file work_8.txt (compact mmCIF, C-alpha atoms)
# COMPACT_ATOMS: atom_id res chain seq x y z
CA MET G 251 0.00 0.00 0.00
CA LEU G 252 3.05 2.28 0.02
CA GLY G 253 2.61 5.27 -2.26
CA GLN G 254 -1.19 4.98 -2.48
CA PRO G 255 -3.00 8.33 -2.16
CA LEU G 256 -4.85 8.49 1.16
CA ALA G 257 -8.43 9.80 1.16
CA GLU G 258 -8.79 13.30 2.56
CA PRO G 259 -10.67 13.64 5.87
CA TRP G 260 -13.48 15.61 4.23
CA ARG G 261 -14.08 12.77 1.76
CA ARG G 262 -14.27 10.26 4.56
CA PHE G 263 -16.63 12.35 6.67
CA ALA G 264 -18.88 12.99 3.66
CA ALA G 265 -18.90 9.29 2.78
CA ILE G 266 -19.88 8.23 6.30
CA LEU G 267 -22.70 10.78 6.34
CA VAL G 268 -24.06 9.30 3.12
CA ASP G 269 -23.78 5.81 4.59
CA LEU G 270 -25.59 6.87 7.77
CA VAL G 271 -28.47 8.22 5.72
CA VAL G 272 -28.68 4.94 3.78
CA VAL G 273 -28.60 2.88 7.00
CA GLY G 274 -31.32 5.12 8.43
CA LEU G 275 -33.49 4.46 5.38
CA LEU G 276 -32.85 0.72 5.63
CA SER G 277 -34.06 0.86 9.22
CA PHE G 278 -37.55 1.65 7.94
CA LEU G 279 -37.76 -1.88 6.54
CA SER G 280 -39.57 -4.48 8.61
CA ARG G 281 -37.72 -7.03 10.71
CA PRO G 282 -37.91 -9.90 8.16
CA PHE G 283 -35.59 -7.89 5.90
CA LEU G 284 -33.11 -7.54 8.75
CA ALA G 285 -33.34 -11.29 9.34
CA LEU G 286 -32.84 -11.92 5.63
CA GLY G 287 -29.67 -9.84 5.60
CA THR G 288 -28.45 -11.54 8.77
CA GLY G 289 -28.89 -14.94 7.14
CA VAL G 290 -26.93 -13.85 4.07
CA LEU G 291 -24.20 -12.46 6.35
CA LEU G 292 -23.89 -15.80 8.15
CA ILE G 293 -23.57 -17.59 4.82
CA VAL G 294 -20.76 -15.44 3.42
CA LEU G 295 -18.99 -14.23 6.59
CA LEU G 296 -16.24 -16.85 6.79
CA GLY G 297 -15.45 -16.94 3.08
CA ASN G 298 -14.46 -19.89 0.90
CA SER G 299 -10.75 -20.34 1.54
CA PRO G 300 -9.78 -24.03 1.32
CA SER G 301 -6.55 -23.52 3.29
CA VAL G 302 -8.11 -23.46 6.74
CA LEU G 303 -8.19 -25.96 9.57
CA LEU G 304 -10.87 -28.64 9.66
CA VAL G 305 -12.35 -27.05 12.78
CA MET G 306 -12.79 -23.76 10.92
CA LYS G 307 -14.33 -25.53 7.93
CA THR G 308 -16.81 -27.25 10.24
CA PHE G 309 -17.68 -23.98 11.94
CA ARG G 310 -18.06 -22.32 8.54
CA TRP G 311 -20.58 -24.92 7.39
CA ILE G 312 -22.49 -24.60 10.65
CA CYS G 313 -22.74 -20.84 10.06
CA ARG G 314 -23.87 -21.42 6.49
CA ALA G 315 -26.55 -23.88 7.55
CA LEU G 316 -27.78 -21.52 10.24
CA GLY G 317 -27.75 -18.65 7.76
CA ALA G 318 -29.74 -20.65 5.22
CA LEU G 319 -32.33 -21.47 7.89
CA VAL G 320 -32.61 -17.79 8.86
CA VAL G 321 -33.01 -16.81 5.20
CA LEU G 322 -35.77 -19.40 4.75
CA LEU G 323 -37.66 -18.22 7.82
CA ALA G 324 -37.25 -14.57 6.78
CA VAL G 325 -38.63 -15.25 3.30
CA LEU G 326 -41.62 -17.02 4.81
CA ALA G 327 -42.20 -14.10 7.18
CA LEU G 328 -42.09 -11.47 4.43
CA GLY G 329 -45.60 -12.34 3.31
CA HIS G 330 -47.12 -11.82 6.74
CA GLY G 331 -47.25 -8.16 7.68
CA SER G 332 -46.16 -4.74 6.46
CA LEU G 333 -42.89 -4.35 4.57
CA LEU G 334 -42.12 -1.02 6.24
CA ARG G 335 -41.93 0.29 9.78
CA SER G 336 -43.38 3.70 10.55
CA SER G 337 -41.84 4.39 13.96
CA GLN G 338 -38.12 4.25 13.23
CA LEU G 339 -37.41 7.98 12.79
CA ASN G 340 -37.20 9.57 16.24
CA LEU G 341 -36.04 13.18 16.24
CA ALA G 342 -36.96 13.49 19.91
CA ALA G 343 -34.04 11.19 20.69
CA LEU G 344 -31.70 13.80 19.23
CA THR G 345 -33.21 16.82 20.92
CA GLY G 346 -33.75 15.13 24.25
CA ASP G 347 -37.42 16.16 24.23
CA SER G 348 -38.89 12.67 24.33
CA GLU G 349 -41.78 12.36 26.76
CA SER G 350 -41.10 10.70 30.09
CA ALA G 351 -42.87 7.48 30.98
CA ALA G 352 -44.03 9.15 34.19
CA MET G 353 -45.62 11.97 32.18
CA ARG G 354 -47.65 9.47 30.16
CA GLU G 355 -49.18 7.84 33.23
CA THR G 356 -52.39 9.26 34.67
CA VAL G 357 -53.42 8.60 38.26
CA PRO G 358 -57.25 8.38 38.37
CA VAL G 359 -59.15 9.32 41.51
CA PRO G 360 -62.81 8.23 41.87
CA PRO G 361 -65.48 10.96 42.35
CA ASN G 362 -66.13 9.90 45.95
CA PRO G 363 -62.82 8.44 47.09
CA ASN G 364 -62.42 6.61 50.34
CA TRP G 365 -59.28 6.53 52.44
CA SER G 366 -57.88 3.52 50.55
CA ASP G 367 -58.35 5.23 47.15
CA LEU G 368 -56.60 8.39 48.35
CA HIS G 369 -53.75 6.41 49.88
CA SER G 370 -53.21 4.45 46.65
CA ALA G 371 -53.33 7.59 44.47
CA ASN G 372 -50.91 9.40 46.77
CA ALA G 373 -48.44 6.50 46.61
CA ARG G 374 -48.56 6.42 42.81
CA LEU G 375 -48.14 10.19 42.56
CA GLN G 376 -45.15 10.06 44.89
CA ALA G 377 -43.62 7.33 42.70
CA GLN G 378 -44.09 9.55 39.64
CA VAL G 379 -42.41 12.47 41.37
CA ASP G 380 -39.44 10.29 42.36
CA GLN G 381 -39.12 8.95 38.82
CA LEU G 382 -39.19 12.45 37.32
CA LYS G 383 -36.54 13.63 39.76
CA ASP G 384 -34.29 10.70 38.80
CA GLU G 385 -34.74 11.46 35.10
CA ILE G 386 -33.89 15.14 35.61
CA ARG G 387 -30.74 14.24 37.54
CA GLU G 388 -29.72 11.76 34.83
CA ARG G 389 -30.21 14.31 32.04
CA GLN G 390 -28.27 16.94 33.91
CA ALA G 391 -25.41 14.53 34.53
CA THR G 392 -25.12 13.02 31.05
CA GLY G 393 -26.98 15.26 28.64
CA ALA G 394 -23.92 17.19 27.50
CA SER G 395 -21.49 14.27 27.19
CA TRP G 396 -20.13 13.22 23.80
CA VAL G 397 -21.18 9.62 24.32
CA THR G 398 -24.79 10.55 25.06
CA GLN G 399 -25.03 12.88 22.07
CA ALA G 400 -23.47 10.32 19.73
CA ARG G 401 -25.86 7.58 20.80
CA ALA G 402 -28.80 9.97 20.56
CA PHE G 403 -27.73 10.93 17.05
CA THR G 404 -27.72 7.32 15.88
CA ARG G 405 -31.11 6.68 17.51
CA ALA G 406 -32.53 9.80 15.87
CA LEU G 407 -31.55 8.57 12.41
CA GLY G 408 -32.94 5.13 13.13
CA VAL G 409 -29.44 3.70 12.79
CA THR G 410 -29.28 0.37 14.55
CA PHE G 411 -26.16 -1.70 14.99
CA GLY G 412 -28.00 -4.56 13.30
CA TRP G 413 -28.56 -2.65 10.08
CA SER G 414 -25.21 -0.89 10.19
CA GLY G 415 -23.47 -4.22 10.69
CA LEU G 416 -25.17 -5.71 7.65
CA TYR G 417 -24.63 -2.63 5.51
CA PHE G 418 -20.96 -2.04 6.24
CA THR G 419 -20.10 -5.75 6.14
CA LEU G 420 -22.00 -6.93 3.07
CA LEU G 421 -21.33 -3.92 0.86
CA ALA G 422 -17.66 -3.52 1.77
CA GLY G 423 -17.08 -7.25 1.34
CA THR G 424 -18.91 -7.37 -1.99
CA TRP G 425 -17.54 -4.11 -3.43
CA ASN G 426 -13.91 -4.61 -2.39
CA GLY G 427 -13.89 -2.09 0.45
CA ARG G 428 -16.52 0.28 -0.90
CA THR G 429 -19.92 1.31 0.40
CA LEU G 430 -22.38 3.61 -1.35
CA GLY G 431 -20.82 6.60 0.38
CA LYS G 432 -17.30 5.55 -0.57
CA ARG G 433 -18.35 4.98 -4.20
CA LEU G 434 -19.87 8.45 -4.42
CA LEU G 435 -16.80 10.07 -2.85
CA GLY G 436 -14.25 7.98 -4.72
CA THR G 437 -12.65 6.18 -1.77
CA ARG G 438 -11.99 2.58 -0.77
CA ALA G 439 -10.90 0.72 2.37
CA VAL G 440 -7.94 -1.58 1.76
CA LYS G 441 -5.85 -3.90 3.91
CA ILE G 442 -2.43 -2.56 4.86
CA ASN G 443 -0.78 -5.84 3.87
CA GLY G 444 -2.28 -5.69 0.37
CA THR G 445 -4.56 -8.73 0.71
CA PRO G 446 -8.16 -8.45 -0.52
CA LEU G 447 -10.70 -7.13 1.98
CA THR G 448 -12.92 -10.08 2.96
CA TYR G 449 -16.39 -10.12 4.49
CA PHE G 450 -14.80 -11.02 7.82
CA ASP G 451 -12.42 -8.04 7.56
CA ALA G 452 -15.40 -5.79 6.84
CA PHE G 453 -17.21 -7.28 9.83
CA ILE G 454 -14.24 -6.54 12.10
CA ARG G 455 -14.03 -3.03 10.65
CA ASN G 456 -17.70 -2.46 11.48
CA GLY G 457 -16.84 -3.38 15.06
CA GLY G 458 -14.57 -0.35 14.95
CA TYR G 459 -17.54 1.83 14.06
CA VAL G 460 -19.35 0.51 17.12
CA ALA G 461 -16.29 1.27 19.24
CA GLY G 462 -16.11 4.76 17.74
CA VAL G 463 -19.70 5.51 18.73
CA ALA G 464 -19.08 4.12 22.22
CA MET G 465 -16.11 6.49 22.51
CA GLY G 466 -18.33 9.46 21.68
CA LEU G 467 -16.96 9.91 18.11
CA ILE G 468 -13.44 10.65 19.36
CA GLY G 469 -12.18 7.47 17.70
CA PHE G 470 -13.32 8.74 14.29
CA LEU G 471 -11.43 12.01 14.73
CA LYS G 472 -8.12 10.14 15.04
CA LEU G 473 -7.81 10.26 11.24
CA LEU G 474 -7.13 14.01 11.54
CA TRP G 475 -3.75 13.48 13.23
CA GLU G 476 -2.77 9.85 12.57
CA PRO G 477 0.12 9.60 10.04
CA ASN G 478 -1.84 7.19 7.80
CA ARG G 479 -5.21 8.80 8.59
CA GLN G 480 -6.39 5.70 10.42
CA ALA G 481 -9.54 6.06 12.48
CA VAL G 482 -10.44 3.57 15.20
CA GLU G 483 -12.07 1.18 12.69
CA ASP G 484 -8.89 1.16 10.57
CA ARG G 485 -6.70 0.42 13.57
CA ILE G 486 -8.90 -2.51 14.57
CA ALA G 487 -9.16 -4.03 11.08
CA GLY G 488 -5.66 -3.14 9.82
CA THR G 489 -6.92 -0.98 6.97
CA VAL G 490 -6.42 2.44 5.41
CA VAL G 491 -8.81 4.41 3.20
CA ILE G 492 -7.40 5.48 -0.16
CA LYS G 493 -8.66 7.50 -3.09
CA ALA G 494 -9.83 5.14 -5.80

call {"tool": "encode", "arguments": {"input": "work_8.txt", "output": "structure tokens"}}
result
Amino acid sequence: MLGQPLAEPWRRFAAILVDLVVVGLLSFLSRPFLALGTGVLLIVLLGNSPSVLLVMKTFRWICRALGALVVLLAVLALGHGSLLRSSQLNLAALTGDSESAAMRETVPVPPNPNWSDLHSANARLQAQVDQLKDEIRERQATGASWVTQARAFTRALGVTFGWSGLYFTLLAGTWNGRTLGKRLLGTRAVKINGTPLTYFDAFIRNGGYVAGVAMGLIGFLKLLWEPNRQAVEDRIAGTVVIKA
């Protein structure tokens, strides 16, 4: 990989934004589609290399059989129910304005309450007050942290680790290190040692995305000062992103 032109940070950030939008759109699909993709992932994840140990070959065929079963069940489920979900986009998760569970609960009091009714209503109201106080303290303590904002951002777009895992693994493995965002921006993830990027490599690299979100996006910013512009996902998978 020596001498290959590295992708500029702005290209990489633009590509990941495109990919996040695509993953958010995929999240509107119903669960059978997610199961279908998961089955395909299990089938292709461990590749076809003949030069592996017998134990790995056995495990690979077990994964393939399990994947085929999941695909079959997903196809059967596709005909029973809606193909789309309508509740995946949640902007309240980004703004922090989602309604509290305590606010949704109403404590009814009969017109002519007796002592037992009043005692029960008072206990429930006190529980609501305590719950609201706990939620306020939690928001004050964590609302401004990078980790909280990053997780809220992914929830707001409807980005789930299930869909992101399928997207970044299947597309990068099929398109030799490219996703839709990388194709549009003219970039590609490649292995440092020059070997082809496999589905398993793409799966490991997606684990880096998960780690980056857990770190509050700081891991993604490492490409701004790393000599080879490696973000956390590149470090984990042994890759760099080049202009292609």

call {"tool": "atom_distance", "arguments": {"input": "work_8.txt", "atom1": "atom CA of Ala265 of chain G", "atom2": "atom CA of Lys432 of chain G"}}
result
5.3 Å

call {"tool": "axis_aligned_box", "arguments": {"input": "work_8.txt", "around": "segment 481-491 of chain G", "padding_each_side": "6 Å", "output": "lines of an AutoDock Vina configuration file"}}
result
center_x = -8.9
center_y = 1.0
center_z = 9.2
size_x = 18.4
size_y = 22.1
size_z = 24.0

call {"tool": "atom_distance", "arguments": {"input": "work_8.txt", "atom1": "atom CA of Trp365 of chain G", "atom2": "atom CA of Ala377 of chain G"}}
result
18.5 Å

call {"tool": "residues_around", "arguments": {"input": "work_8.txt", "residues": "segment 288-305 of chain G", "least_positions_apart": "3", "cutoff": "6 Å", "atoms": "all atoms listed in the file", "output": "PyMOL selection string"}}
result
chain G and resi 285+308+313-314+317+320-321+449-450

call {"tool": "atom_distance", "arguments": {"input": "work_8.txt", "atom1": "atom CA of Ile492 of chain G", "atom2": "atom CA of Ala439 of chain G"}}
result
6.4 Å
